[in-house]
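Novice: Structure file upload.txt, compact mmCIF, C-alpha atoms, is pasted below:
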# COMPACT_ATOMS: atom_id res chain seq x y z
CA MET A 813 92.11 81.21 112.54
CA SER A 814 92.39 81.18 116.33
CA VAL A 815 95.80 81.41 117.98
CA PRO A 816 96.72 78.60 120.38
CA PRO A 817 96.82 79.73 124.05
CA ALA A 818 100.45 78.65 124.47
CA LEU A 819 101.51 80.71 121.44
CA ALA A 820 99.56 83.72 122.72
CA ASP A 821 101.23 83.49 126.12
CA LEU A 822 104.66 83.23 124.48
CA SER A 823 103.94 86.29 122.31
CA ARG A 824 102.81 88.25 125.36
CA LEU A 825 106.01 87.24 127.19
CA TYR A 826 108.25 88.43 124.34
CA GLN A 827 106.28 91.66 124.13
CA THR A 828 106.73 92.26 127.85
CA GLU A 829 110.50 91.71 127.60
CA PHE A 830 110.60 94.08 124.62
CA VAL A 831 108.84 96.78 126.66
CA ARG A 832 111.36 96.39 129.49
CA SER A 833 114.34 96.64 127.11
CA ALA A 834 112.85 99.65 125.31
CA ARG A 835 112.24 101.43 128.60
CA ALA A 836 115.81 100.77 129.78
CA VAL A 837 117.30 102.10 126.54
CA GLY A 838 114.92 105.05 126.67
CA VAL A 839 116.05 105.98 130.18
CA LEU A 840 119.70 105.78 129.07
CA TRP A 841 118.89 107.97 126.06
CA ALA A 842 117.17 110.55 128.28
CA VAL A 843 120.15 110.70 130.67
CA CYS A 844 122.57 111.16 127.76
CA THR A 845 120.32 113.90 126.35
CA LEU A 846 120.50 115.76 129.65
CA CYS A 847 124.29 115.39 129.72
CA PHE A 848 124.48 116.71 126.17
CA ALA A 849 122.43 119.76 127.20
CA ILE A 850 124.83 120.46 130.07
CA ILE A 851 127.78 120.12 127.69
CA GLN A 852 126.17 122.72 125.44
CA VAL A 853 126.01 125.21 128.31
CA VAL A 854 129.68 124.62 129.12
CA VAL A 855 130.68 125.07 125.48
CA LEU A 856 128.84 128.38 125.25
CA VAL A 857 130.05 130.04 128.44
CA GLN A 858 133.63 128.80 128.78
CA PRO A 859 136.40 131.11 127.41
CA SER A 860 138.57 128.17 126.38
CA TRP A 861 138.01 127.79 122.65
CA ILE A 862 141.48 129.15 121.84
CA GLY A 863 144.53 129.48 124.08
CA THR A 864 148.16 130.40 123.88
CA ALA A 865 150.54 127.51 123.31
CA ASP A 866 153.34 126.70 125.74
CA ASN A 867 156.04 126.90 123.09
CA ARG A 868 155.11 130.28 121.60
CA HIS A 869 157.63 131.99 119.34
CA GLN A 870 159.04 135.11 120.94
CA GLY A 871 160.03 137.70 118.32
CA PRO A 872 162.05 140.84 118.75
CA GLY A 873 159.00 142.80 119.86
CA PRO A 874 157.30 142.79 123.25
CA PRO A 875 156.25 139.37 124.59
CA LEU A 876 152.75 138.24 123.75
CA PRO A 877 150.26 137.82 126.59
CA SER A 878 149.27 134.40 127.79
CA GLY A 879 145.61 133.53 128.10
CA THR A 880 142.51 132.00 126.53
CA LEU A 881 139.65 133.19 124.35
CA GLY A 882 136.01 132.19 124.04
CA LEU A 883 132.91 133.39 122.28
CA PHE A 884 132.06 136.04 124.88
CA GLU A 885 135.28 136.97 126.65
CA VAL A 886 139.06 137.08 126.52
CA CYS A 887 141.03 136.10 129.61
CA VAL A 888 144.69 137.14 129.98
CA GLU A 889 146.93 135.84 132.74
CA SER A 890 148.12 138.44 135.22
CA ASP A 891 150.17 138.61 138.39
CA TRP A 892 147.06 137.71 140.36
CA PRO A 893 145.83 134.12 140.68
CA VAL A 894 142.63 135.08 138.84
CA PRO A 895 143.07 135.96 135.13
CA ASP A 896 142.00 139.33 133.82
CA CYS A 897 138.87 138.73 131.70
CA ARG A 898 137.17 141.20 129.40
CA GLY A 899 133.58 140.69 128.35
CA GLY A 900 131.34 137.93 129.61
CA LEU A 901 128.02 136.19 129.18
CA SER A 902 126.33 138.64 131.57
CA THR A 903 126.42 141.36 128.89
CA LEU A 904 124.82 139.00 126.31
CA SER A 905 127.13 140.47 123.68
CA PRO A 906 129.65 138.06 122.12
CA LEU A 907 132.94 139.20 120.69
CA PRO A 908 132.34 141.05 117.40
CA SER A 909 134.22 138.49 115.32
CA PHE A 910 132.32 135.53 116.80
CA GLN A 911 128.74 136.80 116.78
CA SER A 912 127.55 134.35 114.13
CA VAL A 913 129.25 131.47 115.93
CA ALA A 914 127.64 132.46 119.22
CA VAL A 915 124.20 132.66 117.59
CA LEU A 916 124.58 129.17 116.12
CA VAL A 917 125.71 127.73 119.45
CA GLY A 918 122.77 129.50 121.12
CA VAL A 919 120.30 127.97 118.67
CA SER A 920 121.87 124.57 119.26
CA LEU A 921 121.55 125.11 123.01
CA TRP A 922 117.88 126.05 122.62
CA ALA A 923 117.15 122.97 120.50
CA VAL A 924 118.75 120.49 122.88
CA TRP A 925 117.11 121.98 125.99
CA THR A 926 113.76 121.94 124.18
CA SER A 927 114.29 118.23 123.59
CA VAL A 928 114.94 117.83 127.32
CA LEU A 929 111.68 119.61 128.13
CA CYS A 930 109.85 117.43 125.61
CA LEU A 931 110.56 114.44 127.85
CA CYS A 932 107.58 115.58 129.92
CA LEU A 933 105.32 114.81 126.94
CA PHE A 934 105.67 111.07 127.56
CA ARG A 935 102.75 111.35 129.98
CA PHE A 936 100.46 112.99 127.42
CA CYS A 937 101.54 111.78 123.93
CA SER A 938 102.58 108.50 122.39
CA ALA A 939 106.20 107.55 122.94
CA ALA A 940 106.91 107.29 119.21
CA THR A 941 105.79 110.89 118.63
CA VAL A 942 107.93 112.21 121.48
CA TYR A 943 110.99 110.30 120.28
CA LYS A 944 110.60 111.71 116.76
CA ILE A 945 110.22 115.29 118.01
CA CYS A 946 113.32 114.96 120.17
CA ALA A 947 115.26 113.35 117.32
CA TRP A 948 114.58 116.26 114.96
CA LEU A 949 115.49 118.75 117.68
CA GLN A 950 118.75 116.94 118.34
CA LEU A 951 119.54 116.86 114.62
CA THR A 952 118.96 120.62 114.53
CA ALA A 953 121.26 121.08 117.51
CA GLY A 954 124.00 119.00 115.91
CA PHE A 955 123.67 120.80 112.56
CA CYS A 956 123.94 124.26 114.16
CA LEU A 957 126.88 123.14 116.29
CA ALA A 958 128.64 121.76 113.21
CA LEU A 959 128.19 125.09 111.40
CA ALA A 960 129.55 126.93 114.44
CA CYS A 961 132.65 124.73 114.52
CA LEU A 962 133.22 125.37 110.82
CA LEU A 963 132.75 129.14 111.04
CA PHE A 964 134.87 129.58 114.16
CA PRO A 965 138.30 129.03 112.46
CA ASP A 966 137.23 131.31 109.62
CA SER A 967 136.78 134.15 112.15
CA TRP A 968 140.26 133.95 113.66
CA GLU A 969 141.50 136.98 111.74
CA SER A 970 140.23 139.43 114.35
CA PRO A 971 141.75 142.09 116.65
CA GLU A 972 141.19 139.92 119.72
CA MET A 973 143.03 136.98 118.16
CA ARG A 974 145.89 139.19 116.94
CA ALA A 975 146.35 140.71 120.39
CA LEU A 976 146.51 137.25 121.97
CA CYS A 977 148.19 135.12 119.28
CA GLY A 978 150.34 137.53 117.29
CA ASP A 979 150.21 138.99 113.79
CA SER A 980 150.61 135.61 112.11
CA VAL A 981 146.94 134.84 112.81
CA GLY A 982 144.73 134.20 109.79
CA SER A 983 141.67 132.26 108.74
CA PHE A 984 142.17 128.63 109.80
CA SER A 985 145.62 129.62 111.13
CA PRO A 986 145.75 130.24 114.90
CA GLY A 987 149.24 131.71 114.81
CA ASN A 988 150.96 131.25 118.16
CA CYS A 989 147.83 129.77 119.74
CA SER A 990 146.09 126.41 119.59
CA VAL A 991 142.57 125.09 120.03
CA HIS A 992 141.57 124.29 123.60
CA TRP A 993 139.19 121.86 125.24
CA ALA A 994 135.95 123.84 124.74
CA TYR A 995 136.29 123.70 120.95
CA ILE A 996 137.13 120.00 121.10
CA LEU A 997 134.11 119.47 123.35
CA ALA A 998 131.92 121.22 120.77
CA ILE A 999 133.19 118.84 118.07
CA LEU A 1000 132.40 115.87 120.30
CA GLY A 1001 128.94 117.37 120.86
CA ILE A 1002 128.26 117.04 117.11
CA LEU A 1003 128.94 113.30 117.30
CA ASP A 1004 126.86 113.05 120.46
CA ALA A 1005 123.89 114.77 118.79
CA ALA A 1006 124.08 112.44 115.78
CA ILE A 1007 124.14 109.34 118.00
CA LEU A 1008 121.26 110.53 120.20
CA ALA A 1009 119.10 111.48 117.20
CA THR A 1010 119.72 108.11 115.53
CA LEU A 1011 118.86 106.27 118.74
CA ALA A 1012 115.67 108.33 119.13
CA PHE A 1013 114.55 107.43 115.59
CA VAL A 1014 115.26 103.74 116.29
CA LEU A 1015 113.26 103.85 119.53
CA ALA A 1016 110.39 105.58 117.74
CA ASN A 1017 110.25 102.91 115.04
CA ARG A 1018 110.42 100.14 117.61
CA GLN A 1019 107.62 101.79 119.56
CA ASP A 1020 105.47 101.88 116.42
CA ALA A 1021 106.05 98.16 115.91
CA LEU A 1022 105.42 97.30 119.55
CA LEU A 1023 101.65 96.96 119.53
CA PRO A 1024 99.05 95.81 116.99
CA PRO A 1025 97.43 98.51 114.81
CA ASP A 1026 94.23 98.61 116.84
CA THR A 1027 96.10 99.32 120.10
CA LYS A 1028 98.78 101.80 118.98
CA ASP A 1029 96.69 104.76 120.14
CA VAL A 1030 96.73 103.53 123.73
CA SER A 1031 99.03 105.41 126.08
CA PRO A 1032 102.39 103.59 126.47
CA ILE A 1033 102.35 104.20 130.22
CA ALA A 1034 98.99 102.45 130.52
CA THR A 1035 100.24 99.58 128.36
CA VAL A 1036 103.35 99.09 130.47
CA SER A 1037 101.28 99.25 133.66
CA VAL A 1038 98.99 96.51 132.39
CA PHE A 1039 101.97 94.34 131.39
CA PHE A 1040 103.63 94.70 134.78
CA LEU A 1041 100.30 94.11 136.54
CA PHE A 1042 99.78 90.79 134.81
CA THR A 1043 103.45 89.84 135.16
CA TYR A 1044 103.95 90.46 138.88
CA CYS A 1045 100.35 90.31 140.13
CA PRO A 1046 98.65 87.27 138.59
CA PRO A 1047 94.89 87.03 139.12
CA VAL A 1048 93.79 85.14 142.21
CA HIS A 1049 91.03 82.62 141.66
CA PRO A 1050 88.58 82.07 144.54
CA PRO A 1051 88.53 78.61 146.09
CA PRO A 1052 85.77 76.28 144.92
CA LEU A 1053 82.67 76.08 147.06
CA LEU A 1054 82.27 72.92 149.07
CA LEU A 1055 78.88 71.34 148.66
Show me, as structure tokens, the structure contained in the file I just sent.
Specialist:
Amino acid sequence: MSVPPALADLSRLYQTEFVRSARAVGVLWAVCTLCFAIIQVVVLVQPSWIGTADNRHQGPGPPLPSGTLGLFEVCVESDWPVPDCRGGLSTLSPLPSFQSVAVLVGVSLWAVWTSVLCLCLFRFCSAATVYKICAWLQLTAGFCLALACLLFPDSWESPEMRALCGDSVGSFSPGNCSVHWAYILAILGILDAAILATLAFVLANRQDALLPPDTKDVSPIATVSVFFLFTYCPPVHPPPLLL
């Protein structure tokens, strides 16, 4: 049964609007993915996972130092404006008690930056395939980051934590210290990874349902170009010949 021309034009119009909306959401998803990758770098390198609290208990012994602690270095405040830091990312050796946490954060960082690099595949592969690859990579990044956030409090009973936070430190007990913004940012990164992965799966399913089965293998960039060509550049008919 043939489709009426008016109905075909209306279907093409809705399909064009769907392509525009999908592209806009896809650009927003790509920007958020890049921001999530930058957040992962900050979480890994910043020595602000744990820090001394302002209202620390002062016992009869010598006063405890004031500073912060990360996965790779410990920074203690000194008389100079710049804190005295031991360790660092340049040595590529995390603190002994946080080696497993640093490995998990590193794997999460690798997964999310791989998903950023996979954005270049939009010019060579179908959009649905790229979205699904990025979604699985982002799920891997979020899973590794969640494991790191769970293992980090279990590793607090370490010499570095005792020197900074006192002898009352134990597993899941920071003693005279408290969690700082880098650890909270890592927890927010888990939620960010879950949202981005879910959105990527939704965009992939919408992309699969965008075109008929006989045209799904066509490149999405070529499809969008044809839509915009017919939308903004309608065909020009030559004038009739005068007899």
Novice: In the coordinates of the file, take the point (130.2, 129.8, 133.6) and a cut-off of 12 Å; then, counting only C-alpha atoms, name each qualifying protein, DNA or RNA residue as a PyMOL selection string.
Specialist: chain A and resi 850-860+882+884-885+900-902
Novice: I want to know what sits within 10 Å of Phe910 (chain A), based on all atoms listed in the file, with residues of the same chain fewer than 6 positions away left out; could you give that as JSON, numbers by chain?
Specialist: {"A": [882, 883, 884, 960, 963, 964, 965, 966, 967, 968, 970]}
Novice: A:Ala1012, A:Leu931, A:Leu1003, A:Leu976: which is nearest Ser990 (chain A), counting all atoms listed in the file?
Specialist: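 For Ser990 (chain A), the nearest of the candidates is A:Leu976.
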